[in-house]
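Student: Data: data.pdb, PDB, C-alpha atoms and all ligand atoms.
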ATOM      1  CA  MET V   1      61.156 -22.092  24.726
ATOM      2  CA  ASN V   2      58.063 -23.219  26.594
ATOM      3  CA  ILE V   3      54.531 -21.798  26.313
ATOM      4  CA  ASN V   4      54.878 -19.655  29.429
ATOM      5  CA  GLN V   5      58.135 -18.011  28.307
ATOM      6  CA  LEU V   6      56.747 -17.342  24.835
ATOM      7  CA  LEU V   7      53.542 -15.871  26.249
ATOM      8  CA  ILE V   8      55.405 -13.461  28.535
ATOM      9  CA  GLU V   9      57.727 -12.365  25.747
ATOM     10  CA  SER V  10      54.905 -11.920  23.194
ATOM     11  CA  ILE V  11      52.578 -10.048  25.551
ATOM     12  CA  GLU V  12      55.336  -7.529  26.278
ATOM     13  CA  LYS V  13      55.740  -6.875  22.539
ATOM     14  CA  LEU V  14      52.003  -6.772  21.785
ATOM     15  CA  LYS V  15      51.333  -4.351  24.675
ATOM     16  CA  LYS V  16      53.221  -1.661  22.791
ATOM     17  CA  LYS V  17      50.668  -1.747  19.928
ATOM     18  CA  LYS V  18      47.313   0.036  19.826
ATOM     19  CA  ASN V  19      43.987  -1.811  19.371
ATOM     20  CA  ILE V  20      45.459  -5.207  20.185
ATOM     21  CA  THR V  21      44.435  -7.544  23.028
ATOM     22  CA  PRO V  22      47.906  -8.891  23.982
ATOM     23  CA  GLN V  23      47.042 -11.928  26.140
ATOM     24  CA  LEU V  24      44.153 -13.165  24.002
ATOM     25  CA  ASP V  25      45.998 -12.658  20.725
ATOM     26  CA  ALA V  26      49.140 -14.448  21.938
ATOM     27  CA  GLU V  27      47.070 -17.389  23.203
ATOM     28  CA  LEU V  28      45.127 -17.664  19.944
ATOM     29  CA  LEU V  29      48.302 -17.574  17.862
ATOM     30  CA  LEU V  30      49.995 -20.210  20.014
ATOM     31  CA  GLY V  31      46.908 -22.408  19.865
ATOM     32  CA  PHE V  32      46.935 -22.069  16.074
ATOM     33  CA  ILE V  33      50.551 -23.229  15.797
ATOM     34  CA  LEU V  34      50.032 -26.134  18.213
ATOM     35  CA  LYS V  35      46.626 -26.997  16.686
ATOM     36  CA  LYS V  36      45.161 -26.931  20.185
ATOM     37  CA  PRO V  37      42.303 -24.962  21.777
ATOM     38  CA  ARG V  38      43.097 -21.897  23.900
ATOM     39  CA  GLU V  39      42.396 -23.860  27.083
ATOM     40  CA  TYR V  40      45.355 -26.146  26.310
ATOM     41  CA  ILE V  41      47.676 -23.131  26.240
ATOM     42  CA  LEU V  42      46.439 -22.080  29.682
ATOM     43  CA  ILE V  43      46.670 -25.537  31.257
ATOM     44  CA  HIS V  44      50.118 -26.466  29.854
ATOM     45  CA  PRO V  45      52.460 -23.503  30.443
ATOM     46  CA  GLU V  46      55.425 -25.923  30.650
ATOM     47  CA  TYR V  47      54.868 -27.378  27.130
ATOM     48  CA  GLN V  48      58.096 -27.082  25.175
ATOM     49  CA  LEU V  49      57.677 -25.981  21.543
ATOM     50  CA  THR V  50      59.857 -27.674  18.918
ATOM     51  CA  LYS V  51      62.240 -25.404  17.024
ATOM     52  CA  PRO V  52      60.075 -25.385  13.816
ATOM     53  CA  GLN V  53      56.975 -24.586  15.921
ATOM     54  CA  GLU V  54      58.797 -21.719  17.603
ATOM     55  CA  ILE V  55      59.953 -20.306  14.248
ATOM     56  CA  ARG V  56      56.430 -20.495  12.785
ATOM     57  CA  TYR V  57      54.977 -18.869  15.901
ATOM     58  CA  LYS V  58      57.440 -15.984  15.751
ATOM     59  CA  LYS V  59      56.554 -15.405  12.096
ATOM     60  CA  ILE V  60      52.833 -15.087  12.775
ATOM     61  CA  LEU V  61      53.468 -12.981  15.875
ATOM     62  CA  GLU V  62      55.415 -10.610  13.635
ATOM     63  CA  ARG V  63      52.377 -10.422  11.295
ATOM     64  CA  ARG V  64      50.149  -9.505  14.254
ATOM     65  CA  LEU V  65      52.650  -6.896  15.433
ATOM     66  CA  ASN V  66      52.340  -5.461  11.943
ATOM     67  CA  HIS V  67      48.554  -5.114  12.643
ATOM     68  CA  GLU V  68      47.344  -7.944  10.422
ATOM     69  CA  PRO V  69      43.950  -8.991  11.864
ATOM     70  CA  ILE V  70      43.936 -12.243  13.844
ATOM     71  CA  ALA V  71      41.161 -13.626  11.599
ATOM     72  CA  TYR V  72      43.362 -13.362   8.487
ATOM     73  CA  ILE V  73      46.291 -15.016  10.261
ATOM     74  CA  LEU V  74      44.097 -17.882  11.504
ATOM     75  CA  GLY V  75      42.160 -17.931   8.194
ATOM     76  CA  GLN V  76      38.820 -18.123   9.969
ATOM     77  CA  LYS V  77      36.235 -16.197  11.957
ATOM     78  CA  GLU V  78      33.236 -17.183  14.017
ATOM     79  CA  PHE V  79      29.916 -15.579  13.123
ATOM     80  CA  TYR V  80      26.475 -16.413  14.501
ATOM     81  CA  GLY V  81      27.943 -19.544  16.127
ATOM     82  CA  LEU V  82      29.330 -20.877  12.822
ATOM     83  CA  ASN V  83      32.865 -21.040  11.510
ATOM     84  CA  PHE V  84      33.774 -19.168   8.295
ATOM     85  CA  LYS V  85      36.901 -19.266   6.203
ATOM     86  CA  VAL V  86      38.184 -15.742   5.521
ATOM     87  CA  THR V  87      40.951 -14.490   3.262
ATOM     88  CA  LYS V  88      42.230 -11.066   2.293
ATOM     89  CA  ASP V  89      39.547 -11.089  -0.449
ATOM     90  CA  THR V  90      36.690 -11.117   2.064
ATOM     91  CA  LEU V  91      35.722  -8.710   4.782
ATOM     92  CA  ILE V  92      36.040 -10.197   8.272
ATOM     93  CA  PRO V  93      32.453 -10.722   9.534
ATOM     94  CA  ARG V  94      31.670  -8.328  12.405
ATOM     95  CA  PRO V  95      29.591  -9.205  15.489
ATOM     96  CA  GLU V  96      27.262  -6.222  14.858
ATOM     97  CA  THR V  97      26.226  -7.806  11.537
ATOM     98  CA  GLU V  98      24.609 -10.667  13.465
ATOM     99  CA  SER V  99      21.661  -8.346  14.125
ATOM    100  CA  LEU V 100      20.937  -8.297  10.357
ATOM    101  CA  VAL V 101      20.518 -12.083  10.537
ATOM    102  CA  GLU V 102      18.328 -11.820  13.647
ATOM    103  CA  LEU V 103      16.077  -9.157  12.150
ATOM    104  CA  ALA V 104      15.651 -10.987   8.836
ATOM    105  CA  LEU V 105      14.856 -14.198  10.705
ATOM    106  CA  CYS V 106      12.285 -12.443  12.829
ATOM    107  CA  SER V 107      10.625 -11.127   9.713
ATOM    108  CA  MET V 108      10.727 -14.582   8.040
ATOM    109  CA  LYS V 109       9.001 -16.096  11.039
ATOM    110  CA  HIS V 110       6.139 -13.703  10.444
ATOM    111  CA  GLU V 111       3.219 -15.813   9.366
ATOM    112  CA  THR V 112       2.702 -14.049   6.011
ATOM    113  CA  TYR V 113       5.992 -15.501   4.785
ATOM    114  CA  ASN V 114       5.104 -19.036   5.741
ATOM    115  CA  LYS V 115       2.314 -19.295   3.249
ATOM    116  CA  LYS V 116       4.071 -18.163   0.091
ATOM    117  CA  ASN V 117       7.317 -18.339  -1.865
ATOM    118  CA  THR V 118       9.900 -15.915  -0.641
ATOM    119  CA  THR V 119      13.150 -14.994  -2.349
ATOM    120  CA  ILE V 120      15.915 -13.992   0.050
ATOM    121  CA  ILE V 121      18.862 -12.117  -1.406
ATOM    122  CA  ASP V 122      22.058 -11.226   0.441
ATOM    123  CA  ILE V 123      23.784  -8.505  -1.546
ATOM    124  CA  GLY V 124      27.523  -8.107  -1.017
ATOM    125  CA  THR V 125      27.689 -11.583   0.458
ATOM    126  CA  GLY V 126      31.494 -11.600   1.031
ATOM    127  CA  SER V 127      32.358 -14.781   2.959
ATOM    128  CA  GLY V 128      28.655 -15.751   2.790
ATOM    129  CA  ASN V 129      28.268 -15.286   6.546
ATOM    130  CA  ILE V 130      24.771 -13.758   6.441
ATOM    131  CA  ILE V 131      23.020 -16.007   3.930
ATOM    132  CA  ILE V 132      24.714 -19.174   5.262
ATOM    133  CA  SER V 133      23.643 -18.333   8.827
ATOM    134  CA  LEU V 134      20.083 -17.828   7.579
ATOM    135  CA  ALA V 135      20.138 -21.097   5.632
ATOM    136  CA  LYS V 136      21.290 -22.955   8.747
ATOM    137  CA  LYS V 137      18.519 -21.386  10.828
ATOM    138  CA  ILE V 138      15.865 -22.133   8.211
ATOM    139  CA  GLU V 139      16.997 -25.740   8.310
ATOM    140  CA  SER V 140      17.167 -26.051  12.087
ATOM    141  CA  GLU V 141      13.878 -24.263  12.753
ATOM    142  CA  ASN V 142      11.437 -26.472  10.883
ATOM    143  CA  LEU V 143       8.666 -24.014  11.502
ATOM    144  CA  LEU V 144       9.935 -21.940   8.585
ATOM    145  CA  HIS V 145       8.879 -24.506   5.958
ATOM    146  CA  ALA V 146      12.312 -24.379   4.340
ATOM    147  CA  SER V 147      11.064 -25.376   0.898
ATOM    148  CA  CYS V 148       9.290 -22.002   0.478
ATOM    149  CA  PHE V 149      12.492 -19.994   0.663
ATOM    150  CA  MET V 150      14.875 -19.440  -2.255
ATOM    151  CA  LEU V 151      18.239 -18.117  -1.139
ATOM    152  CA  TYR V 152      20.788 -16.102  -3.155
ATOM    153  CA  GLY V 153      24.154 -14.552  -2.307
ATOM    154  CA  ILE V 154      25.518 -11.928  -4.702
ATOM    155  CA  ASP V 155      28.941 -10.327  -4.832
ATOM    156  CA  ILE V 156      30.896  -8.388  -7.416
ATOM    157  CA  SER V 157      34.092 -10.167  -6.393
ATOM    158  CA  GLN V 158      34.631 -13.645  -7.852
ATOM    159  CA  LYS V 159      37.312 -14.334  -5.246
ATOM    160  CA  ALA V 160      34.869 -13.577  -2.414
ATOM    161  CA  LEU V 161      32.252 -15.823  -4.047
ATOM    162  CA  THR V 162      34.727 -18.717  -4.158
ATOM    163  CA  ILE V 163      35.164 -18.365  -0.394
ATOM    164  CA  ALA V 164      31.392 -18.048   0.138
ATOM    165  CA  LYS V 165      30.808 -21.296  -1.790
ATOM    166  CA  HIS V 166      33.509 -23.012   0.252
ATOM    167  CA  ASN V 167      31.814 -21.816   3.459
ATOM    168  CA  ALA V 168      28.399 -23.020   2.290
ATOM    169  CA  LYS V 169      29.859 -26.475   1.695
ATOM    170  CA  LYS V 170      31.688 -26.463   5.014
ATOM    171  CA  ASN V 171      28.433 -25.622   6.801
ATOM    172  CA  ASN V 172      26.400 -28.172   4.797
ATOM    173  CA  VAL V 173      24.062 -25.726   3.058
ATOM    174  CA  ALA V 174      25.643 -25.621  -0.425
ATOM    175  CA  ASP V 175      22.520 -27.078  -2.029
ATOM    176  CA  ARG V 176      20.288 -24.427  -0.405
ATOM    177  CA  ILE V 177      22.007 -21.278  -1.734
ATOM    178  CA  LYS V 178      22.772 -20.003  -5.251
ATOM    179  CA  PHE V 179      25.749 -17.676  -5.440
ATOM    180  CA  LEU V 180      25.769 -15.136  -8.279
ATOM    181  CA  LYS V 181      28.431 -12.739  -9.517
ATOM    182  CA  GLY V 182      27.417  -9.205 -10.405
ATOM    183  CA  ASN V 183      26.766  -5.593  -9.573
ATOM    184  CA  LEU V 184      24.187  -5.531  -6.752
ATOM    185  CA  LEU V 185      20.845  -6.877  -8.077
ATOM    186  CA  GLU V 186      21.953  -6.935 -11.726
ATOM    187  CA  PRO V 187      22.267 -10.740 -12.067
ATOM    188  CA  ILE V 188      18.685 -11.097 -10.817
ATOM    189  CA  ILE V 189      17.272  -8.240 -12.926
ATOM    190  CA  LYS V 190      18.872  -9.673 -16.081
ATOM    191  CA  ASN V 191      17.321 -13.090 -15.473
ATOM    192  CA  VAL V 192      14.034 -12.377 -13.775
ATOM    193  CA  ASN V 193      12.334 -15.356 -15.434
ATOM    194  CA  CYS V 194      15.170 -17.704 -14.661
ATOM    195  CA  TYR V 195      14.948 -16.859 -10.943
ATOM    196  CA  MET V 196      11.179 -17.389 -10.949
ATOM    197  CA  LEU V 197      10.490 -14.022  -9.389
ATOM    198  CA  HIS V 198       7.063 -13.902 -11.018
ATOM    199  CA  ALA V 199       6.063 -16.957  -9.059
ATOM    200  CA  SER V 200       7.625 -15.535  -5.943
ATOM    201  CA  CYS V 201       5.246 -13.314  -4.039
ATOM    202  CA  SER V 202       7.698 -11.614  -1.761
ATOM    203  CA  MET V 203      11.341 -10.755  -1.397
ATOM    204  CA  ILE V 204      13.693 -10.098   1.483
ATOM    205  CA  ILE V 205      16.786  -8.081   0.617
ATOM    206  CA  ILE V 206      19.617  -8.085   3.113
ATOM    207  CA  ALA V 207      22.627  -5.939   2.437
ATOM    208  CA  ASN V 208      25.813  -5.188   4.263
ATOM    209  CA  LEU V 209      27.304  -3.214   1.410
ATOM    210  CA  PRO V 210      30.332  -0.936   1.593
ATOM    211  CA  TYR V 211      29.112   2.097   3.578
ATOM    212  CA  LEU V 212      32.105   4.010   4.894
ATOM    213  CA  SER V 213      32.393   7.653   3.919
ATOM    214  CA  LYS V 214      35.719   8.916   2.628
ATOM    215  CA  LYS V 215      36.349  10.676   5.965
ATOM    216  CA  ILE V 216      35.551   7.666   8.180
ATOM    217  CA  TYR V 217      37.556   5.318   5.956
ATOM    218  CA  SER V 218      40.593   7.599   6.223
ATOM    219  CA  GLU V 219      40.292   7.453  10.036
ATOM    220  CA  THR V 220      39.870   3.672  10.449
ATOM    221  CA  MET V 221      42.521   1.748  12.358
ATOM    222  CA  PRO V 222      45.501   0.232  10.497
ATOM    223  CA  ASP V 223      44.209  -3.353  10.952
ATOM    224  CA  VAL V 224      41.276  -2.445   8.704
ATOM    225  CA  LYS V 225      42.826  -0.019   6.233
ATOM    226  CA  LYS V 226      45.992  -1.970   5.582
ATOM    227  CA  PHE V 227      44.462  -5.439   5.273
ATOM    228  CA  GLU V 228      40.733  -5.516   4.517
ATOM    229  CA  PRO V 229      39.546  -4.963   0.914
ATOM    230  CA  ARG V 230      38.876  -1.280   0.278
ATOM    231  CA  SER V 231      36.190  -2.322  -2.227
ATOM    232  CA  ALA V 232      34.266  -3.941   0.650
ATOM    233  CA  LEU V 233      34.311  -0.809   2.813
ATOM    234  CA  LEU V 234      34.350   2.493   0.961
ATOM    235  CA  SER V 235      31.330   3.893  -0.876
ATOM    236  CA  GLY V 236      31.824   7.381  -2.289
ATOM    237  CA  ILE V 237      32.053  10.624  -0.358
ATOM    238  CA  ASP V 238      29.190  10.043   2.113
ATOM    239  CA  GLY V 239      29.300   6.229   2.082
ATOM    240  CA  LEU V 240      25.915   5.876   0.413
ATOM    241  CA  ASP V 241      26.754   5.379  -3.279
ATOM    242  CA  HIS V 242      26.105   1.599  -3.163
ATOM    243  CA  TYR V 243      22.791   1.932  -1.335
ATOM    244  CA  GLU V 244      21.550   4.621  -3.736
ATOM    245  CA  LYS V 245      22.383   2.422  -6.740
ATOM    246  CA  LEU V 246      20.657  -0.504  -5.038
ATOM    247  CA  PHE V 247      17.491   1.572  -4.466
ATOM    248  CA  GLN V 248      17.426   2.414  -8.187
ATOM    249  CA  GLN V 249      17.699  -1.286  -9.027
ATOM    250  CA  ILE V 250      14.952  -2.264  -6.563
ATOM    251  CA  THR V 251      12.655   0.313  -8.212
ATOM    252  CA  LEU V 252      13.367  -1.284 -11.588
ATOM    253  CA  LEU V 253      12.867  -4.812 -10.289
ATOM    254  CA  LYS V 254       9.561  -3.936  -8.645
ATOM    255  CA  LYS V 255       8.352  -2.412 -11.917
ATOM    256  CA  ASN V 256       9.142  -5.602 -13.847
ATOM    257  CA  CYS V 257       7.801  -8.161 -11.369
ATOM    258  CA  PHE V 258       4.556  -8.780  -9.614
ATOM    259  CA  MET V 259       5.898  -9.046  -6.101
ATOM    260  CA  PHE V 260       3.623  -7.420  -3.582
ATOM    261  CA  GLN V 261       6.100  -7.146  -0.762
ATOM    262  CA  VAL V 262       9.808  -6.306  -0.550
ATOM    263  CA  SER V 263      11.393  -6.097   2.896
ATOM    264  CA  CYS V 264      14.854  -4.556   3.164
ATOM    265  CA  PHE V 265      17.435  -4.859   5.927
ATOM    266  CA  MET V 266      20.532  -2.727   5.465
ATOM    267  CA  GLU V 267      23.544  -2.253   7.678
ATOM    268  CA  ILE V 268      24.638   1.369   7.972
ATOM    269  CA  SER V 269      27.102   3.555   9.784
ATOM    270  CA  PRO V 270      25.401   5.246  12.793
ATOM    271  CA  GLU V 271      25.816   8.797  11.478
ATOM    272  CA  GLN V 272      24.002   7.891   8.223
ATOM    273  CA  LYS V 273      20.548   7.556   9.840
ATOM    274  CA  GLN V 274      19.190  10.874   8.565
ATOM    275  CA  LYS V 275      20.809  10.766   5.154
ATOM    276  CA  ILE V 276      19.620   7.248   4.393
ATOM    277  CA  THR V 277      16.098   8.121   5.574
ATOM    278  CA  LYS V 278      16.070  10.915   2.984
ATOM    279  CA  LEU V 279      17.413   8.574   0.317
ATOM    280  CA  ILE V 280      14.854   5.846   1.049
ATOM    281  CA  LYS V 281      12.039   8.418   0.955
ATOM    282  CA  LYS V 282      13.337   9.739  -2.381
ATOM    283  CA  TYR V 283      12.986   6.326  -4.055
ATOM    284  CA  PHE V 284      10.161   4.828  -1.970
ATOM    285  CA  PRO V 285       7.990   7.684  -0.676
ATOM    286  CA  LYS V 286       5.486   5.308   0.949
ATOM    287  CA  ALA V 287       8.079   3.127   2.706
ATOM    288  CA  ASN V 288       7.671   2.468   6.371
ATOM    289  CA  ILE V 289      11.198   2.992   7.807
ATOM    290  CA  GLU V 290      12.595   1.791  11.112
ATOM    291  CA  PHE V 291      16.080   1.671  12.588
ATOM    292  CA  GLN V 292      17.717  -0.779  14.964
ATOM    293  CA  LYS V 293      20.643  -0.112  17.296
ATOM    294  CA  ASP V 294      23.549  -2.516  17.773
ATOM    295  CA  LEU V 295      24.849  -3.792  21.125
ATOM    296  CA  ALA V 296      26.912  -0.620  21.528
ATOM    297  CA  GLN V 297      23.626   1.357  21.269
ATOM    298  CA  LYS V 298      24.583   2.809  17.881
ATOM    299  CA  TRP V 299      22.165   2.974  14.934
ATOM    300  CA  ARG V 300      23.179   0.043  12.769
ATOM    301  CA  VAL V 301      20.325  -1.306  10.633
ATOM    302  CA  ALA V 302      17.784   0.426   8.399
ATOM    303  CA  ILE V 303      14.629  -1.631   7.913
ATOM    304  CA  PHE V 304      11.891  -0.753   5.436
ATOM    305  CA  GLU V 305       9.112  -2.384   3.544
ATOM    306  CA  ILE V 306       7.876  -1.393   0.090
TER
HETATM  307  C1  LIG V 401      30.966  -4.725   3.878
HETATM  308  S1  LIG V 401      31.340  -6.161   2.898
HETATM  309  C2  LIG V 401      30.196  -7.321   3.599
HETATM  310  C3  LIG V 401      30.606  -8.746   3.479
HETATM  311  C4  LIG V 401      29.699  -9.710   4.256
HETATM  312  N1  LIG V 401      28.337  -9.650   3.802
HETATM  313  C5  LIG V 401      29.748  -9.442   5.747
HETATM  314  O1  LIG V 401      28.707  -9.086   6.322
HETATM  315  O2  LIG V 401      30.810  -9.569   6.365
HETATM  316  C6  LIG V 401      30.674  -5.680   1.366
HETATM  317  C7  LIG V 401      30.718  -6.725   0.256
HETATM  318  O3  LIG V 401      30.072  -6.152  -0.889
HETATM  319  C8  LIG V 401      30.778  -6.502  -2.051
HETATM  320  N2  LIG V 401      30.483  -5.497  -3.091
HETATM  321  C9  LIG V 401      31.060  -4.280  -3.267
HETATM  322  N3  LIG V 401      30.502  -3.643  -4.314
HETATM  323  C10 LIG V 401      29.543  -4.473  -4.796
HETATM  324  C11 LIG V 401      28.624  -4.373  -5.881
HETATM  325  N4  LIG V 401      28.560  -3.281  -6.658
HETATM  326  N5  LIG V 401      27.792  -5.419  -6.114
HETATM  327  C12 LIG V 401      27.850  -6.547  -5.334
HETATM  328  N6  LIG V 401      28.702  -6.679  -4.291
HETATM  329  C13 LIG V 401      29.531  -5.655  -4.024
HETATM  330  C14 LIG V 401      32.231  -6.560  -1.635
HETATM  331  O4  LIG V 401      32.982  -7.355  -2.515
HETATM  332  C15 LIG V 401      32.091  -7.138  -0.221
HETATM  333  O5  LIG V 401      32.195  -8.542  -0.245
END
Will you turn the file into structure tokens for me?

Tutor:
Amino acid sequence: MNINQLLIESIEKLKKKKNITPQLDAELLLGFILKKPREYILIHPEYQLTKPQEIRYKKILERRLNHEPIAYILGQKEFYGLNFKVTKDTLIPRPETESLVELALCSMKHETYNKKNTTIIDIGTGSGNIIISLAKKIESENLLHASCFMLYGIDISQKALTIAKHNAKKNNVADRIKFLKGNLLEPIIKNVNCYMLHASCSMIIIANLPYLSKKIYSETMPDVKKFEPRSALLSGIDGLDHYEKLFQQITLLKKNCFMFQVSCFMEISPEQKQKITKLIKKYFPKANIEFQKDLAQKWRVAIFEI
């Protein structure tokens, strides 16, 4: 069959499924099999696939019809203009998470950070998308005096960390980031001296931890529930178990170190705004709390300084 015939046939099948973009998905899958960009698919409708190509295409189309996310089929996802390898062990980076990178960058550009050592920790690093994007920006924007920033990515999943390290190498920032395995801040707390936190005057904590409540998780679309790691999404009944544990650890860390400034950037689910405000106030009564909306105008990031 040629590209045009396959596209027509696939789009008809994909149209019957919910939450799928038939034309785009079929083009991406065909491009993947032919190792060509999407534009090639559009310009060469007459291109005749070989029999093995056609068989491989039909197999991956079947996976998509079964709701497997495109990113897992292609094994990659773009985030903040960079390319990341993703597997079933990592969450697929979401566009709304790019605002975490933007906000942290904005704060790093603040002149107080330029004059001192700053430790930047991405907790629940997954594919490494957040910390790698920051490392790239630090490098490209000389004004940040890259040598003053120490970067860490932490995850409880060794398999996710393997992917994060691969992505750091692929994006040429492997020597700028240390990846650690452990429960939230535990690897840092256990080795405070080793990570030179006493010499470090300030810390930026960025976290896109699991934050779905039991109810929201049960209602998510099959692409997510069937394929993405549950351990990367669900966090107790109200979705805030991970953040509460993290706040306890930050309290402990602040007690043991002499840092005078900790800035936190945390991705949340829009309906958690009030509950997380209460939780932050419980652990850090003097914290100055702000929230940022995402492009869909939904509350997405909690920002506070302690
Ligand atoms: C929502 S995903 C975010 C992944 C990535 N940062 C992103 O933005 O796409 C949450 C990540 O937190 C990790 N995680 C879950 N529990 C954790 C814990 N107790 N300590 C450290 N990481 C944890 C998961 O393995 C997962 O990679």

Student: Please define a box with edges along x, y and z of the file around all atoms of ligand LIG 401 (chain V) given in the file, extend it by 4 Å on each side, and return its centre and edge lengths in Å to one decimal, as lines of an AutoDock Vina configuration file.

Tutor:
center_x = 30.4
center_y = -6.5
center_z = -0.1
size_x = 13.2
size_y = 14.4
size_z = 21.0

Student: Expanded to explicit residues, what is the PyMOL selection byres (((chain V and resi 81-94) around 6) and not hetatm) for this file, as JSON, numbers by chain?

Tutor: {"V": [72, 75, 76, 77, 78, 79, 80, 95, 96, 97, 126, 127, 160, 167, 228]}

Student: For the selection just defined, write its residues with C-alpha atoms to a file, as a short mmCIF file (atom, residue, chain, number, x, y, z; two decimals), in the frame of the given file.

Tutor:
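Output contents, as saved in selection20.cif:
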data_model
loop_
_atom_site.label_atom_id
_atom_site.label_comp_id
_atom_site.auth_asym_id
_atom_site.auth_seq_id
_atom_site.Cartn_x
_atom_site.Cartn_y
_atom_site.Cartn_z
CA TYR V 72 43.36 -13.36 8.49
CA GLY V 75 42.16 -17.93 8.19
CA GLN V 76 38.82 -18.12 9.97
CA LYS V 77 36.24 -16.20 11.96
CA GLU V 78 33.24 -17.18 14.02
CA PHE V 79 29.92 -15.58 13.12
CA TYR V 80 26.48 -16.41 14.50
CA PRO V 95 29.59 -9.20 15.49
CA GLU V 96 27.26 -6.22 14.86
CA THR V 97 26.23 -7.81 11.54
CA GLY V 126 31.49 -11.60 1.03
CA SER V 127 32.36 -14.78 2.96
CA ALA V 160 34.87 -13.58 -2.41
CA ASN V 167 31.81 -21.82 3.46
CA GLU V 228 40.73 -5.52 4.52
#

Student: Distance limit 9 Å, reference ligand LIG 401 (chain V), atoms considered: only C-alpha atoms and all ligand atoms. Which residues make the cut? Give them as a ChimeraX atom specification.

Tutor: /V:89-94,97-98,100,122-131,153-161,181-186,206-212,229-235,242,245-246,267

Student: So which one's closest to Ile250 in chain V, V:Ile121, V:Ile3, V:Cys201, V:Leu42? Using only C-alpha atoms, please.

Tutor: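 Among V:Ile121, V:Ile3, V:Cys201, V:Leu42, it is V:Ile121 that comes nearest to Ile250 in chain V.
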
Student: Given the choices V:Glu54, V:Glu141, V:Asp223, V:Glu39, which gets closest to Asn19 in chain V if the distance is worked out from only C-alpha atoms?

Tutor: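 Closest to Asn19 in chain V of all the choices is V:Asp223.
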
Student: Output as CSV one row per residue of range 80-117 of chain V within 10 Å of range 261-264 of chain V: the closest atom pair and its distance in Å to one decimal place, counting only C-alpha atoms, sorted by chain and residue number ascending.

Tutor:
residue,atom,partner,partner_atom,distance
V:Ala104,CA,V:Cys264,CA,8.6
V:Ser107,CA,V:Ser263,CA,8.5
V:Met108,CA,V:Ser263,CA,9.9

Student: Using the chain letters and residue numbers of this document, give as a list in words the residues selected by the PyMOL selection byres (((chain V and resi 62-69) around 7) and not hetatm).

Tutor: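 After applying the PyMOL selection byres (((chain V and resi 62-69) around 7) and not hetatm), what remains is Leu14, Lys58, Lys59, Ile60, Leu61, Ile70, Ala71, Tyr72, Ile73, Pro222, Asp223 and Phe227 of chain V.
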
Student: Given the selection you just returned, output its residues as a file containing C-alpha atoms, formatted as a short mmCIF file (atom, residue, chain, number, x, y, z; two decimals), in the frame of the given file.

Tutor:
data_model
loop_
_atom_site.label_atom_id
_atom_site.label_comp_id
_atom_site.auth_asym_id
_atom_site.auth_seq_id
_atom_site.Cartn_x
_atom_site.Cartn_y
_atom_site.Cartn_z
CA LEU V 14 52.00 -6.77 21.78
CA LYS V 58 57.44 -15.98 15.75
CA LYS V 59 56.55 -15.40 12.10
CA ILE V 60 52.83 -15.09 12.78
CA LEU V 61 53.47 -12.98 15.88
CA ILE V 70 43.94 -12.24 13.84
CA ALA V 71 41.16 -13.63 11.60
CA TYR V 72 43.36 -13.36 8.49
CA ILE V 73 46.29 -15.02 10.26
CA PRO V 222 45.50 0.23 10.50
CA ASP V 223 44.21 -3.35 10.95
CA PHE V 227 44.46 -5.44 5.27
#

Student: Residues near range 134-137 of chain V, anyone? I mean within 8 Å using only C-alpha atoms, not counting same-chain ones fewer than 2 positions away, as a list in words.

Tutor: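 Those residues are Val101, Leu105, Ile130, Ile131, Ile132, Glu139, Ser140, Glu141, Leu151, Asn171, Val173, Arg176 and Ile177 of chain V.
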
Student: Rounded to one decimal place, report the CA of Gly236 in chain V-CA of Ile306 in chain V distance in Å.

Tutor: 25.6 Å

Student: Which polymer residues, protein or nucleic acid, are no farther than 12 Å from (46.7, -22.5, 25.2), counting all atoms listed in the file, as a compact mmCIF listing (two decimals) with C-alpha atoms, in the frame of the given file?

Tutor:
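Saved result, out_38.txt, follows:
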# COMPACT_ATOMS: atom_id res chain seq x y z
CA ASN V 2 58.06 -23.22 26.59
CA ILE V 3 54.53 -21.80 26.31
CA ASN V 4 54.88 -19.66 29.43
CA LEU V 6 56.75 -17.34 24.84
CA LEU V 7 53.54 -15.87 26.25
CA GLN V 23 47.04 -11.93 26.14
CA LEU V 24 44.15 -13.16 24.00
CA ASP V 25 46.00 -12.66 20.72
CA ALA V 26 49.14 -14.45 21.94
CA GLU V 27 47.07 -17.39 23.20
CA LEU V 28 45.13 -17.66 19.94
CA LEU V 29 48.30 -17.57 17.86
CA LEU V 30 50.00 -20.21 20.01
CA GLY V 31 46.91 -22.41 19.86
CA PHE V 32 46.94 -22.07 16.07
CA ILE V 33 50.55 -23.23 15.80
CA LEU V 34 50.03 -26.13 18.21
CA LYS V 35 46.63 -27.00 16.69
CA LYS V 36 45.16 -26.93 20.18
CA PRO V 37 42.30 -24.96 21.78
CA ARG V 38 43.10 -21.90 23.90
CA GLU V 39 42.40 -23.86 27.08
CA TYR V 40 45.36 -26.15 26.31
CA ILE V 41 47.68 -23.13 26.24
CA LEU V 42 46.44 -22.08 29.68
CA ILE V 43 46.67 -25.54 31.26
CA HIS V 44 50.12 -26.47 29.85
CA PRO V 45 52.46 -23.50 30.44
CA GLU V 46 55.42 -25.92 30.65
CA TYR V 47 54.87 -27.38 27.13

Student: From the set V:Asn191, V:Asn117, V:Asn288, V:Thr251, which residue has the shortest atom-to-atom contact distance to Ile204 in chain V, counting only C-alpha atoms?

Tutor: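 Looking only at the distances to Ile204 in chain V, the closest residue turns out to be V:Asn117.
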
Student: Quick one: of V:Ile237, V:Ile20, V:Met203, V:Met266, who's nearest to Lys254 in chain V, counting all atoms listed in the file?

Tutor: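 Checking each of V:Ile237, V:Ile20, V:Met203, V:Met266 against Lys254 in chain V, counting all atoms listed in the file, the winner is V:Met203.
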